[in-house]
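S.K.: First, the structure itself, so that you have it in front of you.
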Amino acid sequence: MKDIQTQTDSDTVTAATESEAMVRLEDVRKIYEMGSEQVHALAGVSVEFGSGSFWAIMGPSGSGKSTMLNLLGCLDRPTSGRYILSGQDVSRLEDDDLSQIRLTYLGFVFQSFNLIAQLTVRENIELPLFYLGWESRESAKRALELATQVGLEDRLGHRPAELSGGQQQRVAIARALANDPHVILADEPTGNLDSSTGEHIMELLRDLNKQGKTIVIVTHEPEVARWAHHRLHMHDGLIDRID
Amino acid sequence: MNLHRFLRLVRLGIKTLLLHKLRSMLTMLGVVFGVGSVIAMLAVGTGASEEAQEQIRRLGSQNIIINSVQPQEDQSVERVRMSIYGLTYDDERRINETIPSVSRIVPAKLIPSDARVGGRQMELRIVGTTPGWFDLVERELLAGRRLQESDMTGNSNVCVLTERSARRLLATEEVLGNRIRVGANYYEVVGIIRSESGGAAGGVQTPDQEIDAYIPMTTARERFGDIVVRSREGSRERSRVELHQMVVEVDHIDNVQSTALAIENMLERFHRREDYRVSVPLALLRQAEATQRTFNIVLGSIAGISLLVGGIGIMNIMLASVTERTREIGIRRAIGARRSQIVGQFLIETIVLSSTGGLIGIAFGVTIPQIIEYFAGMPTIVPFYAIALSLGISVAVGIIFGLYPAIRAAKLDPIVALRYE
Ligand SMILES: Nc1ncnc2c1ncn2[C@@H]1O[C@H](COP(=O)(O)OP(=O)(O)O)[C@@H](O)[C@H]1O
Ligand SMILES: [Mg+2]
């Protein structure tokens with residue numbers, strides 16, 4: 001693959017794409033203090049994800065995959081290093097600014113769907129729009145569009161509990177798309193689904209990627225990781241290799 | 001935050017609270033009781049104080065009322081003996097001349113009598129007094145005129161009736177110019193006043209009664225003298241009283257207490273027996289106010305405690321709710337809600353809860369005084385400000401007790417919150 005240049009001098013691995021980098025981590029470390037002990041969840045990671053690329057982060061349990069995804073998702077700040085998202089250094093932003101970044105640039109898909117049980121499908125999809133301050137009519141229109149895109153236009157009034165796992169995950173994807181994010185981050189999106197349903201979800205993500213979204217998923221399943229263009233293998237808080 | 005988003009948050013809050021209807025209702029109870037008792041308290045307090053004010057107005061707040069009182073021992077002795085007691089013409093003169101703060105004094109002879117007009121008959125209270133009576137005891141003149149100086153100098157046989165006396169005696173006939181007979185004499189009716197004798201005010205009878213007929217003092221002295229003969233239980237009871245009542249007007253409201261004291265000292269010097277009573281409407285008002293204050297403090301504390309308990313109840317439930325909804329908070333934060341928006345969401349929920357409780361409390365608070373009025377006969381008035389105040393208090397309770405749970409919710413780390421089971 002021509003768009004990856006692997007550089008193995010020192011302890012960093014850098015991947016650059018032809019197009020402008022959407023995500024760039026520069027020697028990012030995340031250290032947790034556990035009493036007197038320090039856990040280096042990320043021990044110095046440098047990597048670039050190009051705009052419109054599709055990545056899978058893989059690795060054994062405890063290798064730092066979730067930590068990395070949380071950092072990419074601006075849910076957390078690195079202990080040191082820089083994180084450039086869409087040209088903006090977001091590694092030292094205040095909490096409110098991080099919220100704004102998440103609201104504008106990012107969409108999340110979780111293993112356990114994380115829909116709000118009390119809200120209907122439509123209200124769940126509208127959630128980001130609510131925080132973006134959309135008018136309710138516009139918002140409802142957009143929710144219908146998104147539901148149609150994931151094939152759930154006839155389920156708008158349902159509660160999450162009335163849907164199957166695969167349908168719930170599609171709602172979650174619709175919600176992640178509501179704010180038209182640059183990057184979609186998915187932590188084990190198929191982890192709670194059977195393999196054929198999981199496949200449908202991956203198809204959906206692939207379609208979104210084709211429409212230009214940058215997608216990063218965490219998975220330990222090679223069949224799932226195969227959908228991505230690039231696989232980033234983590235080990236003990238470091239990037240082991242990229243293929 | 002614009003109005004549109006605020007309203008959506010309110011709607012969200014209501015929706016969330018409706019998910020747990022029973023819990024929400026129980027949570028509101030404290031505020032309901034608190035607000036209900038605040039309003040009921042103010043309604044009873046305001047009613048009582050308005051009534052006291054009204055009573056004092058009827059008595060005259062700048063007046064001191066002195067009544068002759070037949071001493072106990074005179075009431076039980078031989079009926080043949082004459083009971084001599086009470087206020088004298090000299091008392092009137094002395095008070096008027098020696099106490100500078102007294103601006104006016106109106107004497108009255110009160111003589112229970114039978115009055116007749118044609119075949120109709122009625123028990124009246126003849127009040128022999130001076131024209132000044134009508135200045136000190138301000139009563140609405142319904143027809144004709146009041147007593148005047150020329151009535152006094154001419155010892156005229158004229159009278160002013162109360163509305164009720166006039167109606168009883170002269171029913172359908174022309175009242176003014178008509179004559180009523182008392183004893184052997186006829187009195188021409190020259191005026192009618194409205195009586196405001198509404199029972200005893202704080203233990204003091206108003207100077208006027210509904211069965212009054214006012215005649216000039218001079219006429220009363222000439223026709224009735226100072227000896228009153230009354231038939232009681234078959235025997236005749238005679239008493240000699242110069243003046244039954246004096247209404248003293250004080251020049252300034254600040255001098256009422258001291259003037260009353262001066263009058264008491266003076267009467268004490270000239271009377272061997274305590275055959276009089278000095279009543280100060282203003283003092284009664286002050287006393288009523290003091291009682292009212294105590295009452296307010298007690299009820300206010302009860303209301304305050306219920307609101308505090310209610311607030312703590314709300315806080316408790318909201319803390320539980322925050323824990324229960326940890327994951328929801330994590331989801332909202334991940335999507336991009338700022339901490340302040342989470343605070344807003346939870347705060348609005350508690351405010352909706354507490355102000356709904358407040359509204360129900362207001363409904364109770366308006367109803368309870370009606371019940372009190374109906375069963376206890378106490379006058380009550382729900383002042384408008386009480387309702388505004390209660391709404392304010394319930395919103396404040398929501399903010400004060402909702403803030404901590406809301407901040408707790410907002411402080412949750414989104415990563416931890418998302419993992420919460
Ligand atoms: N909040 C935390 N506090 C302390 N240690 C943590 C925390 N989060 C993760 N870790 C540690 O960091 C390392 C990487 O964790 P994580 O990123 O969750 O790995 P993975 O998702 O690959 O299983 C692990 O050793 C984990 O125990
Ligand atoms: Mg993990």
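Residues in the structure tokens are numbered from 1 in each chain, the chains being A, B, ... in the order shown, and ligands are numbered from 1 in the order shown.
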So that I can see what lies close to region 219-228 of chain A, please list as a PyMOL selection string the residues with an atom at most 6 Å from it, counting only C-alpha atoms and leaving out residues fewer than 2 positions away in the same chain.
M.R.: chain A and resi 54-56+58+188+230
S.K.: Considering only C-alpha atoms, return as a PyMOL selection string whatever protein or nucleic-acid residues lie within 10 Å of Asp96 (chain A), sequence-local ones (same chain, fewer than 5 positions apart) excluded.
M.R.: (chain A and resi 101-102) or (chain B and resi 336-340)
S.K.: What is the distance, in Å and to one decimal place, between CA of Ile180 (chain B) and CA of Asp212 (chain B)?
M.R.: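 CA of Ile180 (chain B) sits 12.9 Å away from CA of Asp212 (chain B).
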S.K.: Around ligand 1, at most 10 Å away and counting only C-alpha atoms and all ligand atoms, which residues are there? Put them as a VMD selection string, please.
M.R.: (chain A and resid 30 to 35 37 to 42 57 to 71 187 to 188 218 to 220 234 to 237) or (chain B and resid 413 415 to 416)
S.K.: Given the selection you just returned, output its residues as a file containing N, CA and C atoms, formatted as an mmCIF file, in the first residue's frame.
M.R.:
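Result file is result39.cif:
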```
data_model
loop_
_atom_site.group_PDB
_atom_site.id
_atom_site.type_symbol
_atom_site.label_atom_id
_atom_site.label_comp_id
_atom_site.auth_asym_id
_atom_site.auth_seq_id
_atom_site.Cartn_x
_atom_site.Cartn_y
_atom_site.Cartn_z
ATOM 1 N N LYS A 30 0.236 8.204 28.092
ATOM 2 C CA LYS A 30 -0.803 8.308 29.116
ATOM 3 C C LYS A 30 -0.349 7.463 30.285
ATOM 4 N N ILE A 31 -0.126 8.122 31.399
ATOM 5 C CA ILE A 31 0.381 7.430 32.576
ATOM 6 C C ILE A 31 -0.660 7.502 33.683
ATOM 7 N N TYR A 32 -1.060 6.330 34.168
ATOM 8 C CA TYR A 32 -1.982 6.299 35.309
ATOM 9 C C TYR A 32 -1.185 6.063 36.564
ATOM 10 N N GLU A 33 -1.482 6.835 37.598
ATOM 11 C CA GLU A 33 -0.842 6.633 38.895
ATOM 12 C C GLU A 33 -1.709 5.669 39.690
ATOM 13 N N MET A 34 -1.157 4.495 39.998
ATOM 14 C CA MET A 34 -1.899 3.544 40.828
ATOM 15 C C MET A 34 -1.180 3.445 42.162
ATOM 16 N N GLY A 35 -1.539 4.294 43.069
ATOM 17 C CA GLY A 35 -0.819 4.342 44.330
ATOM 18 C C GLY A 35 0.596 4.820 44.058
ATOM 19 N N GLU A 37 2.627 3.086 42.150
ATOM 20 C CA GLU A 37 3.019 2.572 40.834
ATOM 21 C C GLU A 37 2.511 3.436 39.696
ATOM 22 N N GLN A 38 3.255 3.437 38.624
ATOM 23 C CA GLN A 38 2.812 4.128 37.424
ATOM 24 C C GLN A 38 2.494 3.113 36.351
ATOM 25 N N VAL A 39 1.324 3.257 35.729
ATOM 26 C CA VAL A 39 0.968 2.388 34.612
ATOM 27 C C VAL A 39 1.073 3.204 33.333
ATOM 28 N N HIS A 40 1.957 2.784 32.470
ATOM 29 C CA HIS A 40 2.098 3.486 31.189
ATOM 30 C C HIS A 40 1.124 2.871 30.197
ATOM 31 N N ALA A 41 -0.105 3.362 30.202
ATOM 32 C CA ALA A 41 -1.128 2.823 29.317
ATOM 33 C C ALA A 41 -0.766 3.129 27.868
ATOM 34 N N LEU A 42 -0.204 4.286 27.637
ATOM 35 C CA LEU A 42 0.412 4.603 26.341
ATOM 36 C C LEU A 42 1.814 5.101 26.648
ATOM 37 N N ILE A 57 -7.677 -0.702 15.413
ATOM 38 C CA ILE A 57 -6.648 -0.813 16.440
ATOM 39 C C ILE A 57 -6.815 -2.181 17.082
ATOM 40 N N MET A 58 -5.748 -2.941 17.107
ATOM 41 C CA MET A 58 -5.811 -4.305 17.619
ATOM 42 C C MET A 58 -4.764 -4.496 18.699
ATOM 43 N N GLY A 59 -4.856 -5.632 19.361
ATOM 44 C CA GLY A 59 -3.852 -5.921 20.376
ATOM 45 C C GLY A 59 -4.457 -6.645 21.542
ATOM 46 N N PRO A 60 -3.623 -7.266 22.371
ATOM 47 C CA PRO A 60 -4.127 -8.017 23.517
ATOM 48 C C PRO A 60 -4.746 -7.098 24.559
ATOM 49 N N SER A 61 -5.499 -7.730 25.436
ATOM 50 C CA SER A 61 -6.142 -6.969 26.510
ATOM 51 C C SER A 61 -5.089 -6.257 27.353
ATOM 52 N N GLY A 62 -5.330 -5.021 27.665
ATOM 53 C CA GLY A 62 -4.421 -4.248 28.498
ATOM 54 C C GLY A 62 -3.310 -3.583 27.724
ATOM 55 N N SER A 63 -3.357 -3.676 26.383
ATOM 56 C CA SER A 63 -2.264 -3.122 25.594
ATOM 57 C C SER A 63 -2.409 -1.615 25.348
ATOM 58 N N GLY A 64 -3.568 -1.063 25.705
ATOM 59 C CA GLY A 64 -3.730 0.400 25.582
ATOM 60 C C GLY A 64 -4.685 0.835 24.489
ATOM 61 N N LYS A 65 -5.462 -0.115 23.945
ATOM 62 C CA LYS A 65 -6.369 0.220 22.838
ATOM 63 C C LYS A 65 -7.444 1.232 23.278
ATOM 64 N N SER A 66 -8.108 0.916 24.408
ATOM 65 C CA SER A 66 -9.181 1.807 24.860
ATOM 66 C C SER A 66 -8.631 3.175 25.243
ATOM 67 N N THR A 67 -7.486 3.152 25.892
ATOM 68 C CA THR A 67 -6.860 4.416 26.278
ATOM 69 C C THR A 67 -6.635 5.284 25.049
ATOM 70 N N MET A 68 -6.142 4.648 24.008
ATOM 71 C CA MET A 68 -5.869 5.387 22.785
ATOM 72 C C MET A 68 -7.166 5.931 22.177
ATOM 73 N N LEU A 69 -8.193 5.084 22.170
ATOM 74 C CA LEU A 69 -9.456 5.530 21.572
ATOM 75 C C LEU A 69 -10.070 6.683 22.386
ATOM 76 N N ASN A 70 -9.939 6.594 23.714
ATOM 77 C CA ASN A 70 -10.454 7.681 24.562
ATOM 78 C C ASN A 70 -9.732 8.992 24.282
ATOM 79 N N LEU A 71 -8.417 8.873 24.076
ATOM 80 C CA LEU A 71 -7.657 10.085 23.749
ATOM 81 C C LEU A 71 -8.086 10.632 22.393
ATOM 82 N N ASP A 187 -15.613 1.524 19.567
ATOM 83 C CA ASP A 187 -14.923 0.594 20.467
ATOM 84 C C ASP A 187 -15.651 -0.744 20.423
ATOM 85 N N GLU A 188 -15.026 -1.742 19.795
ATOM 86 C CA GLU A 188 -15.635 -3.071 19.656
ATOM 87 C C GLU A 188 -17.084 -2.974 19.171
ATOM 88 N N VAL A 218 -11.782 -0.145 17.389
ATOM 89 C CA VAL A 218 -10.965 -1.026 18.213
ATOM 90 C C VAL A 218 -11.612 -2.405 18.127
ATOM 91 N N THR A 219 -10.803 -3.409 17.865
ATOM 92 C CA THR A 219 -11.358 -4.763 17.823
ATOM 93 C C THR A 219 -10.255 -5.763 18.084
ATOM 94 N N HIS A 220 -10.666 -6.925 18.573
ATOM 95 C CA HIS A 220 -9.664 -7.981 18.685
ATOM 96 C C HIS A 220 -9.997 -9.110 17.721
ATOM 97 N N MET A 234 -1.225 -2.896 18.849
ATOM 98 C CA MET A 234 -0.659 -2.318 20.071
ATOM 99 C C MET A 234 -0.063 -3.429 20.929
ATOM 100 N N HIS A 235 0.962 -3.061 21.697
ATOM 101 C CA HIS A 235 1.518 -3.986 22.673
ATOM 102 C C HIS A 235 2.180 -3.197 23.789
ATOM 103 N N ASP A 236 1.703 -3.417 25.017
ATOM 104 C CA ASP A 236 2.240 -2.730 26.195
ATOM 105 C C ASP A 236 2.343 -1.223 26.021
ATOM 106 N N GLY A 237 1.331 -0.647 25.468
ATOM 107 C CA GLY A 237 1.278 0.813 25.364
ATOM 108 C C GLY A 237 2.074 1.371 24.208
ATOM 109 N N ASP B 413 -16.535 11.651 35.446
ATOM 110 C CA ASP B 413 -15.630 11.464 34.311
ATOM 111 C C ASP B 413 -16.401 10.680 33.244
ATOM 112 N N ILE B 415 -15.520 8.846 30.821
ATOM 113 C CA ILE B 415 -15.019 7.490 30.564
ATOM 114 C C ILE B 415 -15.520 6.527 31.633
ATOM 115 N N VAL B 416 -15.425 6.986 32.890
ATOM 116 C CA VAL B 416 -15.896 6.151 34.002
ATOM 117 C C VAL B 416 -17.408 5.969 33.902
#
```
S.K.: In Å, with one decimal, what is the gap from CA of Arg92 (chain A) to CA of Cys74 (chain A)?
M.R.: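 Pair CA of Arg92 (chain A) / CA of Cys74 (chain A) returns 10.3 Å.
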S.K.: Hey, could you make a per-residue contact list for chain B against chain A with 12 Å as the cut-off, showing the nearest pair of atoms and its distance in Å to one decimal, counting only C-alpha atoms, sorted by chain and number, as a Markdown table?
M.R.:
```
| residue | atom | partner | partner_atom | distance |
| --- | --- | --- | --- | --- |
| B:Met1 | CA | A:Gly133 | CA | 9.3 |
| B:Asn2 | CA | A:Gly133 | CA | 9.0 |
| B:Leu3 | CA | A:Gly133 | CA | 11.0 |
| B:His4 | CA | A:Glu135 | CA | 8.1 |
| B:Arg5 | CA | A:Gly133 | CA | 7.0 |
| B:Phe6 | CA | A:Gly133 | CA | 10.6 |
| B:Leu7 | CA | A:Ser136 | CA | 11.4 |
| B:Arg8 | CA | A:Phe130 | CA | 8.7 |
| B:Leu9 | CA | A:Phe130 | CA | 9.6 |
| B:Leu12 | CA | A:Leu119 | CA | 9.6 |
| B:Gly13 | CA | A:Gln118 | CA | 11.8 |
| B:Lys15 | CA | A:Gln118 | CA | 9.0 |
| B:Thr16 | CA | A:Gln118 | CA | 7.8 |
| B:Leu17 | CA | A:Gln118 | CA | 11.1 |
| B:Leu18 | CA | A:Gln118 | CA | 10.8 |
| B:Leu19 | CA | A:Gln118 | CA | 8.2 |
| B:His20 | CA | A:Gln118 | CA | 11.3 |
| B:Arg325 | CA | A:Ile116 | CA | 9.3 |
| B:Thr326 | CA | A:Ile116 | CA | 10.9 |
| B:Arg327 | CA | A:Asn114 | CA | 7.7 |
| B:Glu328 | CA | A:Ile116 | CA | 6.0 |
| B:Ile329 | CA | A:Ile116 | CA | 9.5 |
| B:Gly330 | CA | A:Asn114 | CA | 9.1 |
| B:Ile331 | CA | A:Asn114 | CA | 6.7 |
| B:Arg332 | CA | A:Leu127 | CA | 7.8 |
| B:Arg333 | CA | A:Ser99 | CA | 7.1 |
| B:Ala334 | CA | A:Leu75 | CA | 6.8 |
| B:Ile335 | CA | A:Leu103 | CA | 5.8 |
| B:Gly336 | CA | A:Leu103 | CA | 4.3 |
| B:Ala337 | CA | A:Ser99 | CA | 6.1 |
| B:Arg338 | CA | A:Asp96 | CA | 5.6 |
| B:Arg339 | CA | A:Asp96 | CA | 7.2 |
| B:Ser340 | CA | A:Asp96 | CA | 8.7 |
| B:Gln341 | CA | A:Tyr131 | CA | 8.6 |
| B:Ile342 | CA | A:Tyr131 | CA | 10.7 |
| B:Gln345 | CA | A:Tyr131 | CA | 11.6 |
| B:Ala410 | CA | A:Asp95 | CA | 11.1 |
| B:Lys411 | CA | A:Asp95 | CA | 10.6 |
| B:Leu412 | CA | A:Leu75 | CA | 11.7 |
| B:Asp413 | CA | A:Leu75 | CA | 8.5 |
| B:Pro414 | CA | A:Leu75 | CA | 6.7 |
| B:Ile415 | CA | A:Leu75 | CA | 6.7 |
| B:Val416 | CA | A:Leu75 | CA | 10.2 |
| B:Ala417 | CA | A:Asn114 | CA | 11.0 |
| B:Leu418 | CA | A:Asn114 | CA | 7.9 |
| B:Arg419 | CA | A:Ser112 | CA | 9.6 |
| B:Tyr420 | CA | A:Asn114 | CA | 10.8 |
| B:Glu421 | CA | A:Ser112 | CA | 10.7 |
```
S.K.: Excluding same-chain residues fewer than 3 positions from Val171 (chain A), what lies within 9 Å of it counting only C-alpha atoms, as number ranges by chain?
M.R.: A: 113, 115, 121-122, 124-125, 146-147, 150, 152, 160, 166-168, 174-176
S.K.: Go ahead and save the picked residues with N, CA and C atoms, as a CSV table (one decimal), in the first residue's frame.
M.R.:
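Contents of part-v8.csv, as written:
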```csv
chain,number,residue,atom,x,y,z
A,113,PHE,N,-23.7,-0.3,22.7
A,113,PHE,CA,-24.6,0.6,22.1
A,113,PHE,C,-24.8,2.0,22.8
A,115,LEU,N,-27.4,3.6,24.1
A,115,LEU,CA,-28.5,4.4,23.8
A,115,LEU,C,-29.2,4.8,25.1
A,121,VAL,N,-36.0,6.2,19.6
A,121,VAL,CA,-35.0,6.1,18.6
A,121,VAL,C,-34.7,7.5,18.0
A,122,ARG,N,-35.8,8.2,17.7
A,122,ARG,CA,-35.7,9.6,17.1
A,122,ARG,C,-34.9,10.5,18.1
A,124,ASN,N,-33.0,9.7,20.5
A,124,ASN,CA,-31.6,9.3,20.7
A,124,ASN,C,-30.7,9.9,19.5
A,125,ILE,N,-31.3,9.7,18.3
A,125,ILE,CA,-30.5,10.2,17.1
A,125,ILE,C,-30.4,11.8,17.2
A,146,LEU,N,-31.3,10.2,8.8
A,146,LEU,CA,-30.3,9.3,9.3
A,146,LEU,C,-30.9,7.9,9.6
A,147,ALA,N,-32.1,7.9,10.1
A,147,ALA,CA,-32.7,6.6,10.3
A,147,ALA,C,-32.9,5.8,9.0
A,150,VAL,N,-29.7,4.2,7.9
A,150,VAL,CA,-29.4,3.0,8.5
A,150,VAL,C,-30.5,2.0,8.5
A,152,LEU,N,-33.8,2.3,9.5
A,152,LEU,CA,-34.7,2.2,10.6
A,152,LEU,C,-35.7,3.2,10.6
A,160,PRO,N,-35.2,1.9,22.7
A,160,PRO,CA,-34.1,1.0,22.4
A,160,PRO,C,-34.4,-0.5,22.8
A,166,GLY,N,-28.5,-5.5,16.8
A,166,GLY,CA,-28.0,-4.9,15.5
A,166,GLY,C,-28.8,-3.6,15.2
A,167,GLN,N,-30.1,-3.6,15.5
A,167,GLN,CA,-30.8,-2.4,15.2
A,167,GLN,C,-30.4,-1.3,16.2
A,168,GLN,N,-30.1,-1.7,17.4
A,168,GLN,CA,-29.7,-0.7,18.4
A,168,GLN,C,-28.3,-0.1,17.9
A,174,ALA,N,-26.4,6.0,13.6
A,174,ALA,CA,-27.2,7.2,13.1
A,174,ALA,C,-26.9,8.3,14.0
A,175,ARG,N,-26.9,8.1,15.3
A,175,ARG,CA,-26.6,9.1,16.3
A,175,ARG,C,-25.2,9.7,16.1
A,176,ALA,N,-24.3,8.8,15.9
A,176,ALA,CA,-22.9,9.2,15.7
A,176,ALA,C,-22.7,10.1,14.4
```
S.K.: Residues near Thr120 (chain A), anyone? I mean within 6 Å using only C-alpha atoms, not counting same-chain ones fewer than 3 positions away, as number ranges by chain.
M.R.: A: 123, 157-159
S.K.: Give the answer as one residue: which of B:Ser37, B:Leu29, B:Asp91, B:Gly392 has the shortest atom-to-atom distance to Ser301 (chain B), using only C-alpha atoms?
M.R.: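 Smallest distance to Ser301 (chain B) is found for B:Ser37.
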S.K.: Would you kindly return, as a PDB file with C-alpha atoms, in the first residue's frame, each protein, DNA or RNA residue with an atom no farther than 7 Å from any atom of region 40-49 of chain B, considering only C-alpha atoms and excluding same-chain residues fewer than 5 positions away?
M.R.:
```pdb
ATOM      1  CA  GLN B 292     -49.683  37.387  65.974  1.00  0.00           C
ATOM      2  CA  ASN B 296     -46.119  33.606  62.930  1.00  0.00           C
ATOM      3  CA  LEU B 299     -45.956  28.518  62.019  1.00  0.00           C
ATOM      4  CA  GLY B 365     -52.527  26.887  50.974  1.00  0.00           C
ATOM      5  CA  VAL B 366     -55.459  28.665  49.373  1.00  0.00           C
ATOM      6  CA  ILE B 368     -56.925  25.373  53.938  1.00  0.00           C
ATOM      7  CA  PRO B 369     -57.692  28.951  55.089  1.00  0.00           C
ATOM      8  CA  PRO B 379     -61.213  35.482  59.055  1.00  0.00           C
ATOM      9  CA  THR B 380     -58.460  34.685  56.554  1.00  0.00           C
ATOM     10  CA  ILE B 381     -57.025  36.551  53.624  1.00  0.00           C
ATOM     11  CA  VAL B 382     -54.547  35.012  51.168  1.00  0.00           C
ATOM     12  CA  PRO B 383     -52.300  37.914  50.238  1.00  0.00           C
ATOM     13  CA  ALA B 386     -47.785  35.021  49.659  1.00  0.00           C
TER      14      ALA B 386
END
```
S.K.: Take CA of Thr79 (chain A) and CA of Leu238 (chain A) and report the distance between them in Å, one decimal.
M.R.: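 Taking CA of Thr79 (chain A) and CA of Leu238 (chain A), their separation equals 14.8 Å.
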